[in-house]
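Asks: Got coords_12.txt for you, compact mmCIF, C-alpha atoms:
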# COMPACT_ATOMS: atom_id res chain seq x y z
CA MET A 9 -8.43 3.60 4.31
CA GLY A 10 -10.31 6.92 3.95
CA LYS A 11 -10.80 9.64 6.47
CA SER A 12 -11.82 8.67 9.97
CA ARG A 13 -15.31 9.60 11.23
CA ILE A 14 -13.63 11.13 14.23
CA SER A 15 -12.67 14.74 13.64
CA ASN A 16 -10.51 16.87 15.88
CA ASN A 17 -9.37 20.38 16.69
CA ILE A 18 -5.76 19.52 17.45
CA ARG A 19 -4.29 21.97 14.95
CA LYS A 20 -6.45 24.83 16.30
CA LEU A 21 -5.69 23.94 19.91
CA ARG A 22 -1.96 23.83 19.17
CA PHE A 23 -2.19 27.28 17.63
CA PHE A 24 -3.94 28.69 20.71
CA HIS A 25 -1.38 27.09 23.04
CA ASP A 26 1.56 29.31 22.12
CA GLU A 27 1.73 27.83 18.62
CA MET A 28 2.87 24.51 19.99
CA THR A 29 4.69 22.48 17.33
CA GLN A 30 3.65 18.97 16.29
CA GLN A 31 6.94 17.68 17.69
CA GLN A 32 6.31 19.31 21.09
CA LEU A 33 2.83 17.80 21.29
CA ALA A 34 4.17 14.41 20.17
CA GLU A 35 6.79 14.47 22.95
CA LYS A 36 4.21 15.48 25.56
CA VAL A 37 1.84 12.63 24.71
CA GLY A 38 4.53 10.04 23.90
CA VAL A 39 3.97 9.38 20.20
CA THR A 40 5.86 10.20 17.00
CA ARG A 41 5.32 13.42 15.05
CA GLN A 42 3.99 11.30 12.16
CA THR A 43 1.13 10.11 14.37
CA ILE A 44 0.20 13.71 15.23
CA ILE A 45 0.25 14.55 11.49
CA ALA A 46 -1.97 11.52 10.70
CA MET A 47 -4.41 12.59 13.43
CA GLU A 48 -4.54 16.20 12.25
CA GLN A 49 -5.27 15.00 8.72
CA GLU A 50 -8.00 12.80 10.25
CA LYS A 51 -6.49 9.68 8.75
CA TYR A 52 -5.88 8.07 12.12
CA ALA A 53 -8.25 7.85 15.08
CA PRO A 54 -6.25 7.63 18.32
CA SER A 55 -6.89 5.19 21.16
CA LEU A 56 -9.00 6.43 24.05
CA GLU A 57 -5.91 6.69 26.23
CA LEU A 58 -4.05 8.86 23.72
CA ALA A 59 -7.16 11.00 23.21
CA PHE A 60 -7.31 11.66 26.97
CA ARG A 61 -3.58 12.46 27.08
CA ILE A 62 -4.01 15.02 24.27
CA ALA A 63 -7.02 16.61 26.02
CA ARG A 64 -4.99 16.81 29.24
CA VAL A 65 -2.11 18.59 27.46
CA PHE A 66 -4.52 21.29 26.25
CA ASP A 67 -6.36 21.27 29.59
CA VAL A 68 -9.78 20.91 27.96
CA PRO A 69 -12.48 18.22 28.08
CA LEU A 70 -12.22 15.38 25.53
CA GLU A 71 -15.25 16.64 23.56
CA GLU A 72 -13.48 19.91 22.84
CA VAL A 73 -10.70 18.04 21.09
CA PHE A 74 -12.57 15.22 19.36
CA SER A 75 -16.03 14.87 17.85
CA TYR A 76 -17.73 11.99 16.12
CA GLY A 77 -19.88 11.39 13.00
CA ALA A 78 -22.81 13.76 12.34
CA GLU A 79 -21.54 16.08 15.07
CA ALA A 80 -18.25 16.33 13.15
CA GLU A 81 -20.00 17.03 9.82
CA SER A 82 -22.03 19.94 11.28
CA LYS A 83 -18.84 21.87 12.24
CA MET B 10 10.10 9.39 7.24
CA SER B 11 10.03 7.90 10.75
CA PHE B 12 12.58 5.39 12.04
CA GLN B 13 9.99 2.57 11.89
CA GLU B 14 9.18 3.47 8.29
CA LYS B 15 12.88 3.40 7.38
CA ASN B 16 13.16 -0.01 9.05
CA VAL B 17 10.28 -1.36 6.96
CA THR B 18 11.86 0.06 3.77
CA VAL B 19 15.20 -1.57 4.59
CA SER B 20 13.44 -4.87 5.36
CA LEU B 21 11.63 -4.68 2.01
CA ILE B 22 14.92 -4.13 0.16
CA ASN B 23 16.58 -6.99 2.08
CA PHE B 24 13.85 -9.51 1.41
CA THR B 25 13.67 -8.51 -2.26
CA LEU B 26 17.42 -9.16 -2.53
CA ILE B 27 17.04 -12.48 -0.66
CA LEU B 28 14.24 -13.46 -3.06
CA GLY B 29 16.52 -12.56 -5.98
CA VAL B 30 19.37 -14.72 -4.59
CA PHE B 31 16.92 -17.56 -3.96
CA LEU B 32 15.43 -17.48 -7.47
CA ILE B 33 18.85 -17.25 -9.17
CA ARG B 34 20.10 -20.22 -7.14
CA VAL B 35 16.97 -22.31 -7.86
CA PHE B 36 17.20 -21.63 -11.61
CA GLN B 37 20.92 -22.45 -11.54
CA MET B 38 20.12 -25.77 -9.84
CA ILE B 39 17.35 -26.61 -12.32
CA LEU B 40 19.43 -25.69 -15.39
CA GLY B 41 22.56 -27.42 -14.02
CA GLY B 42 20.66 -30.58 -13.13
CA SER B 43 21.56 -30.30 -9.44
CA PHE B 44 18.03 -29.80 -8.10
CA ASN B 45 18.29 -32.42 -5.36
CA SER B 46 17.38 -32.61 -1.67
CA THR B 47 20.90 -31.74 -0.40
CA ASN B 48 21.08 -28.54 -2.44
CA VAL B 49 17.48 -27.52 -1.76
CA PHE B 50 17.82 -27.92 2.02
CA ARG B 51 21.18 -26.12 1.94
CA LEU B 52 19.40 -23.27 0.17
CA TRP B 53 16.70 -23.34 2.88
CA VAL B 54 19.35 -22.87 5.56
CA ILE B 55 21.09 -20.09 3.58
CA VAL B 56 17.81 -18.19 3.04
CA ILE B 57 16.76 -18.46 6.70
CA ALA B 58 20.24 -17.52 7.99
CA LEU B 59 20.38 -14.58 5.55
CA ALA B 60 16.94 -13.39 6.63
CA ILE B 61 17.88 -13.42 10.33
CA LEU B 62 21.38 -11.95 10.01
CA VAL B 63 20.50 -9.31 7.43
CA THR B 64 17.49 -8.17 9.48
CA ILE B 65 19.62 -7.74 12.62
CA PHE B 66 22.46 -5.90 10.83
CA ALA B 67 20.06 -3.79 8.78
CA THR B 68 18.28 -2.58 11.94
CA ILE B 69 21.63 -1.63 13.52
CA LEU B 70 22.82 0.11 10.33
CA THR B 71 19.51 1.97 9.95
CA HIS B 72 19.95 3.24 13.51
CA ILE B 73 23.53 4.37 12.83
CA PHE B 74 22.69 6.07 9.52
CA SER B 75 19.62 7.76 11.05
CA ALA B 76 21.88 9.17 13.79
CA ILE B 77 24.42 10.38 11.18
CA ILE B 78 21.72 12.05 9.06
CA GLN B 79 20.21 13.62 12.21
CA ALA B 80 23.66 14.92 13.23
CA ILE B 81 24.23 16.45 9.78
CA LYS B 82 20.78 18.06 9.81
CA THR B 83 20.85 19.50 13.34
CA GLY B 84 24.59 19.80 13.99
CA GLU B 85 24.21 18.06 17.38
CA GLU B 86 27.12 16.03 18.74
CA ASN B 87 24.90 13.34 20.28
CA PRO B 88 21.84 13.20 18.07
CA LYS B 89 18.72 11.50 19.43
CA VAL B 90 17.14 9.05 16.99
CA GLU B 91 13.39 8.91 17.52
CA ASP B 92 13.07 5.13 17.45
CA LEU B 93 10.03 4.76 19.67
CA ALA B 94 7.16 2.68 18.31
CA ASP B 95 3.84 4.23 19.29
CA GLU B 96 0.30 2.82 19.03
CA ARG B 97 0.01 3.68 15.31
CA ASP B 98 3.30 1.90 14.55
CA ARG B 99 2.08 -1.16 16.46
CA LEU B 100 -1.25 -1.19 14.58
CA ILE B 101 0.55 -0.88 11.24
CA GLU B 102 2.88 -3.71 12.29
CA LEU B 103 -0.12 -5.88 13.19
CA ARG B 104 -1.88 -5.20 9.90
CA GLY B 105 1.32 -6.00 8.00
CA THR B 106 1.69 -9.25 9.95
CA LYS B 107 -1.93 -10.12 9.12
CA VAL B 108 -1.18 -9.64 5.40
CA THR B 109 2.03 -11.70 5.73
CA TYR B 110 0.16 -14.58 7.39
CA PHE B 111 -2.63 -14.44 4.82
CA VAL B 112 -0.20 -14.64 1.88
CA SER B 113 1.91 -17.35 3.51
CA SER B 114 -1.26 -19.40 4.23
CA ILE B 115 -2.16 -19.27 0.55
CA GLY B 116 1.46 -20.15 -0.24
CA VAL B 117 1.42 -23.20 2.05
CA PHE B 118 -1.85 -24.32 0.47
CA LEU B 119 -0.50 -23.92 -3.09
CA SER B 120 2.74 -25.69 -2.16
CA MET B 121 0.84 -28.65 -0.74
CA LEU B 122 -1.40 -28.66 -3.81
CA THR B 123 1.65 -29.25 -6.05
CA PHE B 124 2.49 -32.29 -3.89
CA ALA B 125 -1.10 -33.53 -4.09
CA LEU B 126 -0.98 -33.14 -7.87
CA GLY B 127 1.97 -35.50 -8.08
CA GLN B 128 5.00 -33.17 -8.03
CA PRO B 129 8.04 -34.34 -6.02
CA PRO B 130 8.32 -33.12 -2.37
CA LEU B 131 11.34 -30.95 -3.33
CA VAL B 132 9.05 -28.72 -5.39
CA MET B 133 6.79 -28.31 -2.37
CA PHE B 134 9.71 -27.38 -0.08
CA THR B 135 11.11 -24.94 -2.65
CA LEU B 136 7.71 -23.28 -3.03
CA LEU B 137 7.25 -23.11 0.75
CA ILE B 138 10.35 -20.97 1.25
CA PHE B 139 9.53 -18.96 -1.90
CA PHE B 140 6.07 -18.07 -0.59
CA GLY B 141 7.51 -17.37 2.87
CA VAL B 142 9.81 -14.68 1.43
CA VAL B 143 7.10 -13.35 -0.92
CA ALA B 144 4.68 -13.09 2.03
CA GLN B 145 7.25 -11.03 3.97
CA ILE B 146 7.73 -8.71 0.97
CA ILE B 147 3.97 -8.21 0.50
CA GLY B 148 3.59 -7.60 4.26
CA ASP B 149 6.33 -4.94 4.12
CA ILE B 150 4.69 -3.29 1.09
CA SER B 151 1.35 -3.15 2.92
CA ARG B 152 3.09 -1.58 5.96
CA LEU B 153 4.73 1.04 3.73
CA VAL B 154 1.39 1.83 2.04
CA LEU B 155 -0.19 2.34 5.49
CA TYR B 156 2.69 4.60 6.58
CA ARG B 157 2.44 6.66 3.37
CA ARG B 158 -1.35 7.02 3.64
CA GLY B 159 -1.20 8.01 7.28
CA PHE B 160 -2.96 4.81 8.37
Write out the structure in this file as C-alpha cells.
Replies:
Amino acid sequence: MGKSRISNNIRKLRFFHDEMTQQQLAEKVGVTRQTIIAMEQEKYAPSLELAFRIARVFDVPLEEVFSYGAEAESK
Amino acid sequence: MSFQEKNVTVSLINFTLILGVFLIRVFQMILGGSFNSTNVFRLWVIVIALAILVTIFATILTHIFSAIIQAIKTGEENPKVEDLADERDRLIELRGTKVTYFVSSIGVFLSMLTFALGQPPLVMFTLLIFFGVVAQIIGDISRLVLYRRGF
C-alpha cells in the first residue's frame, strides 16, 4: 500500500488559510483528523465527493488541490 | 489513535482471549477424554455468546474510557468522543472483512477436508469455530495494519 498517484496541496492550502489546523479542516469536511493526515501524506486518495468538499472549503477549483500521475511528478 | 482504531485493537485483544479460552478448553477435553458432541456444542455456544457479549461491552467500555482520557487531556466536563466513521474507516472495515471472509473460507475448506479424510464430524465442527475466530483475528490485524500505514 504505497503512496497514491494522486498528490495534493492540502498542507499548503491550510497554511494559507489562516494556518487552519488538521482538526478544523476535518470538522469542516466531516472526516476524522487521521484521514486528513493520511491524505496529506499521500497515503490515501479521497473519494470524489470528499475532494470536492475540501476544494470548496479552500474556495479553489479541484485541480488546485489535487493533481494526478505525471502532472503530480512534475511539481 | 482514532476511536475506530481503538475499537479494532480491543476487538483483537478480545478475540485473542476467546481463542485462548477455546484452545485451553479443547485440550482439556481431549486430555480428559471428554471430547464428545455435548461438550463440543456447549463450547460452540460459549464461544459465540462470548464473542457477541464481549464485543458489545468492549465497544461501550472503549467509549467510556475514551471519554475519560479525553476529559483528562482537555479538562472539559463533557468531553466529545470523535466516534464518527468516515469513508476511510469504512474502506478499512471492508478490506478487513474481505480478509476475514478469505481466511474463514480456507478454514471451512480445511475443516471439510478433515471430514473427507475420515476424521469424525466433531473434529470438523471444532475446526470450523477455530478458523472462525482465527479469521476474525487476522481480519482485525489487517485493519490495524491499514490504520497504522495510513491506508
Asks: Considering only C-alpha atoms, can you say which of B:Thr25, B:Ser11, B:Asn45, B:Ser114 comes closest to chain A?
Replies: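 Nearest candidate to chain A out of B:Thr25, B:Ser11, B:Asn45, B:Ser114: B:Ser11.
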Asks: As JSON, numbers by chain, could you give me every residue of chain B near chain A (at most 6 Å apart, counting all atoms listed in the file)?
Replies: {"B": [95, 159, 160]}
Asks: Can you tell me which residues surround B:Ile57 at a distance of at most 12 Å, considering all atoms listed in the file, apart from same-chain residues fewer than 3 positions away, and format the answer as a compact mmCIF listing (two decimals) with C-alpha atoms, in the coordinates of the input?
Replies:
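Contents of out_9.txt, freshly written:
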# COMPACT_ATOMS: atom_id res chain seq x y z
CA PHE B 24 13.85 -9.51 1.41
CA ILE B 27 17.04 -12.48 -0.66
CA LEU B 28 14.24 -13.46 -3.06
CA PHE B 31 16.92 -17.56 -3.96
CA PHE B 50 17.82 -27.92 2.02
CA ARG B 51 21.18 -26.12 1.94
CA LEU B 52 19.40 -23.27 0.17
CA TRP B 53 16.70 -23.34 2.88
CA VAL B 54 19.35 -22.87 5.56
CA ALA B 60 16.94 -13.39 6.63
CA ILE B 61 17.88 -13.42 10.33
CA LEU B 62 21.38 -11.95 10.01
CA VAL B 63 20.50 -9.31 7.43
CA THR B 64 17.49 -8.17 9.48
CA ILE B 138 10.35 -20.97 1.25
CA PHE B 139 9.53 -18.96 -1.90
CA GLY B 141 7.51 -17.37 2.87
CA VAL B 142 9.81 -14.68 1.43
Asks: Env of A:Glu72: 10 Å cut, atoms = all atoms listed in the file, seq-sep filter 6 positions within chain, self excluded. Answer as JSON, numbers by chain.
Replies: {"A": [16, 17, 18, 21, 63, 66]}
Asks: When you draw a straight line from atom CA of B:Val35 to atom CA of B:Val132, how long is it in Å?
Replies: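 Rounded to one decimal, the two atoms are 10.5 Å apart.
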Asks: For atom CA of B:Asp98 and atom CA of A:Leu56, quote the distance in Å rounded to one decimal.
Replies: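 Between atom CA of B:Asp98 and atom CA of A:Leu56 the gap is 16.2 Å.
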Asks: Could you tell me how far atom CA of B:Leu103 lies from atom CA of B:Ala67, in Å and to one decimal?
Replies: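 We find that atom CA of B:Leu103 and atom CA of B:Ala67 lie 20.8 Å from each other.
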Asks: Which one is closest to B:Ile55: B:Ser120, B:Ser75, B:Gln37, B:Val30? Count only C-alpha atoms.
Replies: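 Ranked by minimum distance to B:Ile55, first place goes to B:Val30.
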Asks: With all atoms listed in the file as the basis for distance, which of B:Ile150, B:Met38, B:Val17, B:Ala80 is at the shortest distance from B:Thr68?
Replies: B:Val17
Asks: Which residue out of B:Asn16, B:Thr83, B:Gln145, B:Thr135 has the minimum interatomic distance to B:Met121 when all atoms listed in the file are used?
Replies: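 The answer is B:Thr135, which sits nearest to B:Met121.
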Asks: Since the input is missing atoms, can you rebuild N, CA and C atoms for stretch 43-61 of chain A and write them as a PDB file, keeping the file's coordinate frame?
Replies:
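Writing done, so here's out.pdb:
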ATOM      1  N   THR A  43       2.466  10.468  13.851  1.00  0.00           N
ATOM      2  CA  THR A  43       1.130  10.110  14.370  1.00  0.00           C
ATOM      3  C   THR A  43       0.287  11.365  14.587  1.00  0.00           C
ATOM      4  N   ILE A  44       0.920  12.437  15.053  1.00  0.00           N
ATOM      5  CA  ILE A  44       0.200  13.710  15.230  1.00  0.00           C
ATOM      6  C   ILE A  44      -0.277  14.209  13.853  1.00  0.00           C
ATOM      7  N   ILE A  45       0.610  14.120  12.850  1.00  0.00           N
ATOM      8  CA  ILE A  45       0.250  14.550  11.490  1.00  0.00           C
ATOM      9  C   ILE A  45      -0.943  13.726  10.988  1.00  0.00           C
ATOM     10  N   ALA A  46      -0.883  12.396  11.162  1.00  0.00           N
ATOM     11  CA  ALA A  46      -1.970  11.520  10.700  1.00  0.00           C
ATOM     12  C   ALA A  46      -3.288  11.861  11.408  1.00  0.00           C
ATOM     13  N   MET A  47      -3.189  12.222  12.699  1.00  0.00           N
ATOM     14  CA  MET A  47      -4.410  12.590  13.430  1.00  0.00           C
ATOM     15  C   MET A  47      -4.970  13.913  12.940  1.00  0.00           C
ATOM     16  N   GLU A  48      -4.083  14.891  12.721  1.00  0.00           N
ATOM     17  CA  GLU A  48      -4.540  16.200  12.250  1.00  0.00           C
ATOM     18  C   GLU A  48      -5.195  16.110  10.865  1.00  0.00           C
ATOM     19  N   GLN A  49      -4.672  15.203  10.056  1.00  0.00           N
ATOM     20  CA  GLN A  49      -5.270  15.000   8.720  1.00  0.00           C
ATOM     21  C   GLN A  49      -6.480  14.081   8.772  1.00  0.00           C
ATOM     22  N   GLU A  50      -6.843  13.668   9.986  1.00  0.00           N
ATOM     23  CA  GLU A  50      -8.000  12.800  10.250  1.00  0.00           C
ATOM     24  C   GLU A  50      -7.913  11.469   9.501  1.00  0.00           C
ATOM     25  N   LYS A  51      -6.683  10.989   9.374  1.00  0.00           N
ATOM     26  CA  LYS A  51      -6.490   9.680   8.750  1.00  0.00           C
ATOM     27  C   LYS A  51      -6.355   8.596   9.824  1.00  0.00           C
ATOM     28  N   TYR A  52      -6.058   9.030  11.028  1.00  0.00           N
ATOM     29  CA  TYR A  52      -5.880   8.070  12.120  1.00  0.00           C
ATOM     30  C   TYR A  52      -6.671   8.506  13.347  1.00  0.00           C
ATOM     31  N   ALA A  53      -7.484   7.583  13.852  1.00  0.00           N
ATOM     32  CA  ALA A  53      -8.250   7.850  15.080  1.00  0.00           C
ATOM     33  C   ALA A  53      -7.467   7.278  16.250  1.00  0.00           C
ATOM     34  N   PRO A  54      -7.108   8.113  17.221  1.00  0.00           N
ATOM     35  CA  PRO A  54      -6.250   7.630  18.320  1.00  0.00           C
ATOM     36  C   PRO A  54      -7.016   6.714  19.282  1.00  0.00           C
ATOM     37  N   SER A  55      -6.261   6.004  20.106  1.00  0.00           N
ATOM     38  CA  SER A  55      -6.890   5.190  21.160  1.00  0.00           C
ATOM     39  C   SER A  55      -7.487   6.148  22.187  1.00  0.00           C
ATOM     40  N   LEU A  56      -8.357   5.602  23.022  1.00  0.00           N
ATOM     41  CA  LEU A  56      -9.000   6.430  24.050  1.00  0.00           C
ATOM     42  C   LEU A  56      -7.958   7.024  24.990  1.00  0.00           C
ATOM     43  N   GLU A  57      -6.947   6.225  25.322  1.00  0.00           N
ATOM     44  CA  GLU A  57      -5.910   6.690  26.230  1.00  0.00           C
ATOM     45  C   GLU A  57      -5.149   7.883  25.642  1.00  0.00           C
ATOM     46  N   LEU A  58      -4.784   7.761  24.361  1.00  0.00           N
ATOM     47  CA  LEU A  58      -4.050   8.860  23.720  1.00  0.00           C
ATOM     48  C   LEU A  58      -4.942  10.102  23.601  1.00  0.00           C
ATOM     49  N   ALA A  59      -6.228   9.881  23.307  1.00  0.00           N
ATOM     50  CA  ALA A  59      -7.160  11.000  23.210  1.00  0.00           C
ATOM     51  C   ALA A  59      -7.217  11.762  24.541  1.00  0.00           C
ATOM     52  N   PHE A  60      -7.275  11.019  25.643  1.00  0.00           N
ATOM     53  CA  PHE A  60      -7.310  11.660  26.970  1.00  0.00           C
ATOM     54  C   PHE A  60      -6.000  12.399  27.250  1.00  0.00           C
ATOM     55  N   ARG A  61      -4.879  11.805  26.840  1.00  0.00           N
ATOM     56  CA  ARG A  61      -3.580  12.460  27.080  1.00  0.00           C
ATOM     57  C   ARG A  61      -3.505  13.788  26.322  1.00  0.00           C
TER      58      ARG A  61
END
